[in-house]
Amino acid sequence: MKKIVYIFAALVVLSLSGTAQRMPESLKKLLNAEYAIQNFYVDTVDENKMIENAIVGMLEKLDPHSSYTDAKETKEMEEPLQGEFSGIGIQFNMKQDTLYVIQTIPGGPSERVGILAGDRIVTVNDSTIAGVKMKNTDIMKRLRGKKGTKVTVQVKRGSNKELITFRITRDNIPLYSVDACYMVDDVTGYIRISRFGAKTYDEMMESLNKLNKQGMKQVIIDLSDNGGGYLNAAIDMCNEFLDRNQLIVYTEGAQSPRNEAKSFGNGKYKDLKMVVIVNQYSASASEIFSGAMQDWDRAVVVGRRTFGKGLVQRPFKFEDGSMIRLTVARYYTPSGRCIQKPYKKGDKKAYDEDLLERMREGEYYNLDSIQFNDSLQYKTLKHARPVYGGGGIMPDIFVPVDTTEYSTYYRDLVAKGIVNQFSIDYVDKNRKQLLKTYKDVHDFDARFTFSDDDMKRFVAMGEKDSVKYDEEKYRTSEKVLRLMIKGLIARDIYSDTGAYSIIINHRNNDLKEALRIIHDDAAYEKLLREGNPEYERLAKQKHSAKKQ
């Protein structure tokens, strides 16, 4: 930061001495203000802090993704895409002095107890961290710690006034990009990618090659809850599935001329039949990949409208290790759709609450609640079928969120760590017998089930920790509770993060729809050639309503 201050001081001298005649008046004003405060203010001023505050103030009035981080924050922000650390396993941003969970690390402690993307952590071990202007580094000191130590957090979820208490045991956080890879059936491979990191392409290729040897004829790429990461990882992945010289993505900004990324055509899986799963938490690089596959009619996209993060940040690092991530351009899909959802400069609160607003409007649950705009209709590049802009990637097939099996009883059991604790206790007592009885995770998946006595012990564990038994709510959530515990046991027994997905995916409606469409050749091809007629109907209805 000293270098910044020296530059500012030098420019001030030039400005005041008249030797910087061409310097913009606005910059002279800023530099003169800094000079005046530093030299004439009544009290001593921390010059470094003042410059940092000025930078932060400028960025806050821009878009929602331009940001400043000090040296420690910069290092910790980049860590999830690079290595391993011990903590609670979340990626987060500070917005309006509140810690927002961007996503939980697959296989990490926070995911296990049920913390979700979009949750706001209010307290850590009885210390309030929301609304107190606490630095990211101070918050991370509270959340991170040695493996095996415990931390209690209180979370605000959605519009609920009641805080949910989670008790989390810190652990080493695995940072693999691919956290599930297996054959769903004799011909269909499934790969779940949690982020786009430095090794994502290599991990994906290793997974594809592994599945190919097992007889894979078609693949489902699951990008649900994938918040993005490195652009090059998405481009490399796209290249594997596209023909030569096909546009993957382009960027453009007022000071950044159009820059295109095109495929080389040397991919091994250019003809592999594919479905891509996305949801409202799929963002950035996930949207680049799914948008390119959709625009080239290369794959059917299934799920819900993606987040809409299409702003390109360029890092500007300073000598002290701090960094500005400045938005310099926008991402566009091959058909010309801007991925970025609309926003108002300086209004980060409304931007942060966009997903909550979508939920309130029913977009997650009902197709008719989605706002299609026929003035933002684009055409795919191979079959000229309609796709829609306006922010994010709208999947070719909409899959509503299913909440029928969830209850407050389920939520409390998960939030207090009862589900996780019961699975740990079960494994501790039965590990040898489980390994002896079931030869692998697939055998375990097919034959293992809990006895009634097992579930009685589970309920009793909850009551011991103040989760009062409610028979009606228990019956509502019994299937999903059994499935979740089974998945956690499988992951612990077989030391495989994919084991959890193998179990849990039995009730994954997005995957069920992906399997339905990938096995129906006629419906699959029709979607890629004509698009979804329901979307056109809704767009026309909105257009007609406007005219009236």
# chains A, B, ... in the order shown; residues from 1 in each chain; ligands from 1
call {"tool": "residues_around", "arguments": {"residues": "Val401 of chain A", "least_positions_apart": "4", "cutoff": "9 Å", "atoms": "only C-alpha atoms", "output": "MDAnalysis selection string"}}
result
chainID A and resid 304 364:366 509:510
call {"tool": "select_by_dssp", "arguments": {"residues": "segment 318-434 of chain A", "states": "alpha helix (DSSP H)", "output": "PyMOL selection string"}}
result
chain A and resi 348-352+354-360+408-415+418-434
call {"tool": "write_last_selection", "arguments": {"atoms": "C-alpha atoms", "output": "compact mmCIF listing (two decimals), in the first residue's frame"}}
result
# COMPACT_ATOMS: atom_id res chain seq x y z
CA LYS A 348 -26.03 -4.06 -3.60
CA LYS A 349 -28.82 -4.87 -1.16
CA ALA A 350 -31.40 -5.43 -3.91
CA TYR A 351 -28.85 -7.41 -5.90
CA ASP A 352 -28.04 -9.66 -2.95
CA ASP A 354 -32.49 -11.25 -5.92
CA LEU A 355 -32.60 -15.00 -5.25
CA LEU A 356 -34.90 -14.45 -2.28
CA GLU A 357 -37.14 -12.30 -4.48
CA ARG A 358 -37.26 -15.04 -7.11
CA MET A 359 -38.38 -17.46 -4.41
CA ARG A 360 -41.09 -15.07 -3.19
CA THR A 408 -39.27 -27.85 10.68
CA TYR A 409 -38.52 -31.09 12.56
CA TYR A 410 -36.20 -32.15 9.73
CA ARG A 411 -34.58 -28.72 9.69
CA ASP A 412 -33.89 -28.73 13.44
CA LEU A 413 -32.41 -32.24 13.37
CA VAL A 414 -30.04 -31.27 10.59
CA ALA A 415 -29.22 -27.82 11.99
CA ILE A 418 -28.11 -34.73 14.92
CA VAL A 419 -28.08 -36.27 11.43
CA ASN A 420 -24.32 -35.95 11.20
CA GLN A 421 -23.69 -37.12 14.76
CA PHE A 422 -25.93 -40.17 14.39
CA SER A 423 -24.16 -41.21 11.18
CA ILE A 424 -20.74 -40.82 12.86
CA ASP A 425 -21.85 -42.88 15.86
CA TYR A 426 -23.33 -45.52 13.56
CA VAL A 427 -20.12 -45.83 11.58
CA ASP A 428 -18.02 -46.01 14.75
CA LYS A 429 -20.08 -48.92 16.04
CA ASN A 430 -20.63 -50.78 12.76
CA ARG A 431 -17.73 -50.00 10.43
CA LYS A 432 -16.23 -53.50 10.37
CA GLN A 433 -19.60 -55.17 9.91
CA LEU A 434 -20.63 -52.78 7.13
call {"tool": "closest_residue", "arguments": {"among": "A:Ile37, A:Ala490, A:Val480, A:Met455", "to": "Arg507 of chain A", "atoms": "only C-alpha atoms"}}
result
A:Val480
call {"tool": "closest_residue", "arguments": {"among": "A:Met237, A:Ala71, A:Leu528, A:Val42", "to": "Thr137 of chain A", "atoms": "only C-alpha atoms"}}
result
A:Ala71
call {"tool": "decode", "arguments": {"residues": "segment 153-256 of chain A", "atoms": "C-alpha atoms", "output": "short mmCIF file (atom, residue, chain, number, x, y, z; two decimals), in the first residue's frame"}}
result
data_model
loop_
_atom_site.label_atom_id
_atom_site.label_comp_id
_atom_site.auth_asym_id
_atom_site.auth_seq_id
_atom_site.Cartn_x
_atom_site.Cartn_y
_atom_site.Cartn_z
CA VAL A 153 -22.93 -20.39 14.55
CA GLN A 154 -26.37 -18.83 14.30
CA VAL A 155 -27.81 -18.38 10.85
CA LYS A 156 -30.61 -16.27 9.37
CA ARG A 157 -32.25 -18.10 6.47
CA GLY A 158 -34.46 -16.32 3.93
CA SER A 159 -37.17 -14.14 5.46
CA ASN A 160 -37.46 -16.21 8.64
CA LYS A 161 -36.98 -14.09 11.76
CA GLU A 162 -35.91 -17.07 13.85
CA LEU A 163 -32.19 -17.81 13.88
CA ILE A 164 -31.06 -21.40 13.31
CA THR A 165 -28.22 -22.71 15.47
CA PHE A 166 -25.59 -25.00 13.93
CA ARG A 167 -22.84 -26.80 15.82
CA ILE A 168 -19.97 -27.56 13.44
CA THR A 169 -16.87 -29.67 13.92
CA ARG A 170 -13.93 -28.21 11.97
CA ASP A 171 -12.17 -30.49 9.53
CA ASN A 172 -9.68 -30.51 6.67
CA ILE A 173 -11.63 -29.32 3.66
CA PRO A 174 -11.10 -31.29 0.43
CA LEU A 175 -11.06 -28.95 -2.52
CA TYR A 176 -11.59 -31.27 -5.46
CA SER A 177 -13.62 -29.86 -8.33
CA VAL A 178 -15.28 -33.16 -9.24
CA ASP A 179 -17.05 -34.51 -6.19
CA ALA A 180 -19.02 -37.33 -7.86
CA CYS A 181 -18.33 -39.56 -10.84
CA TYR A 182 -20.17 -42.83 -11.48
CA MET A 183 -22.40 -44.76 -13.88
CA VAL A 184 -26.07 -44.09 -13.17
CA ASP A 185 -27.06 -47.00 -15.40
CA ASP A 186 -25.42 -49.22 -18.01
CA VAL A 187 -24.91 -46.41 -20.54
CA THR A 188 -25.21 -43.12 -18.62
CA GLY A 189 -22.32 -41.47 -16.81
CA TYR A 190 -22.81 -38.81 -14.14
CA ILE A 191 -20.24 -36.15 -13.20
CA ARG A 192 -20.90 -33.50 -10.56
CA ILE A 193 -18.57 -30.49 -10.68
CA SER A 194 -18.62 -28.19 -7.66
CA ARG A 195 -16.36 -25.37 -8.89
CA PHE A 196 -14.06 -24.35 -11.73
CA GLY A 197 -10.58 -24.52 -10.27
CA ALA A 198 -7.06 -24.84 -11.60
CA LYS A 199 -7.40 -28.63 -12.01
CA THR A 200 -11.06 -28.90 -12.97
CA TYR A 201 -10.44 -29.75 -16.62
CA ASP A 202 -7.95 -32.48 -15.70
CA GLU A 203 -10.36 -33.90 -13.12
CA MET A 204 -13.22 -33.86 -15.62
CA MET A 205 -11.15 -35.63 -18.28
CA GLU A 206 -10.04 -38.24 -15.77
CA SER A 207 -13.69 -38.79 -14.88
CA LEU A 208 -14.85 -39.01 -18.50
CA ASN A 209 -12.10 -41.47 -19.38
CA LYS A 210 -12.94 -43.59 -16.34
CA LEU A 211 -16.64 -43.69 -17.26
CA ASN A 212 -15.82 -44.33 -20.90
CA LYS A 213 -14.00 -47.51 -19.89
CA GLN A 214 -17.12 -48.56 -17.99
CA GLY A 215 -19.31 -48.36 -21.10
CA MET A 216 -20.54 -44.78 -21.04
CA LYS A 217 -22.53 -43.79 -24.16
CA GLN A 218 -24.01 -40.57 -22.79
CA VAL A 219 -23.24 -38.24 -19.88
CA ILE A 220 -24.95 -35.92 -17.40
CA ILE A 221 -22.82 -32.99 -16.22
CA ASP A 222 -24.23 -31.61 -12.95
CA LEU A 223 -23.35 -27.94 -12.31
CA SER A 224 -26.06 -27.27 -9.73
CA ASP A 225 -24.80 -25.06 -6.88
CA ASN A 226 -21.56 -24.43 -8.83
CA GLY A 227 -20.67 -20.79 -8.19
CA GLY A 228 -17.99 -20.66 -10.89
CA GLY A 229 -14.27 -19.99 -10.63
CA TYR A 230 -11.60 -19.78 -13.33
CA LEU A 231 -12.73 -18.79 -16.83
CA ASN A 232 -10.03 -20.89 -18.50
CA ALA A 233 -11.35 -24.03 -16.82
CA ALA A 234 -14.78 -23.46 -18.40
CA ILE A 235 -13.23 -22.74 -21.81
CA ASP A 236 -11.10 -25.88 -21.67
CA MET A 237 -14.15 -27.94 -20.74
CA CYS A 238 -16.21 -26.48 -23.58
CA ASN A 239 -13.43 -27.22 -26.04
CA GLU A 240 -13.75 -30.92 -25.25
CA PHE A 241 -17.33 -31.01 -26.58
CA LEU A 242 -17.32 -28.57 -29.54
CA ASP A 243 -16.14 -28.66 -33.14
CA ARG A 244 -13.32 -26.52 -34.48
CA ASN A 245 -13.62 -22.71 -34.43
CA GLN A 246 -16.96 -22.60 -32.56
CA LEU A 247 -17.34 -19.52 -30.35
CA ILE A 248 -17.40 -20.42 -26.65
CA VAL A 249 -17.76 -17.01 -25.01
CA TYR A 250 -16.85 -13.41 -25.69
CA THR A 251 -16.28 -10.44 -23.43
CA GLU A 252 -16.77 -6.78 -24.12
CA GLY A 253 -16.70 -3.53 -22.15
CA ALA A 254 -16.45 0.22 -22.64
CA GLN A 255 -12.66 0.08 -22.23
CA SER A 256 -12.26 -3.55 -23.30
#
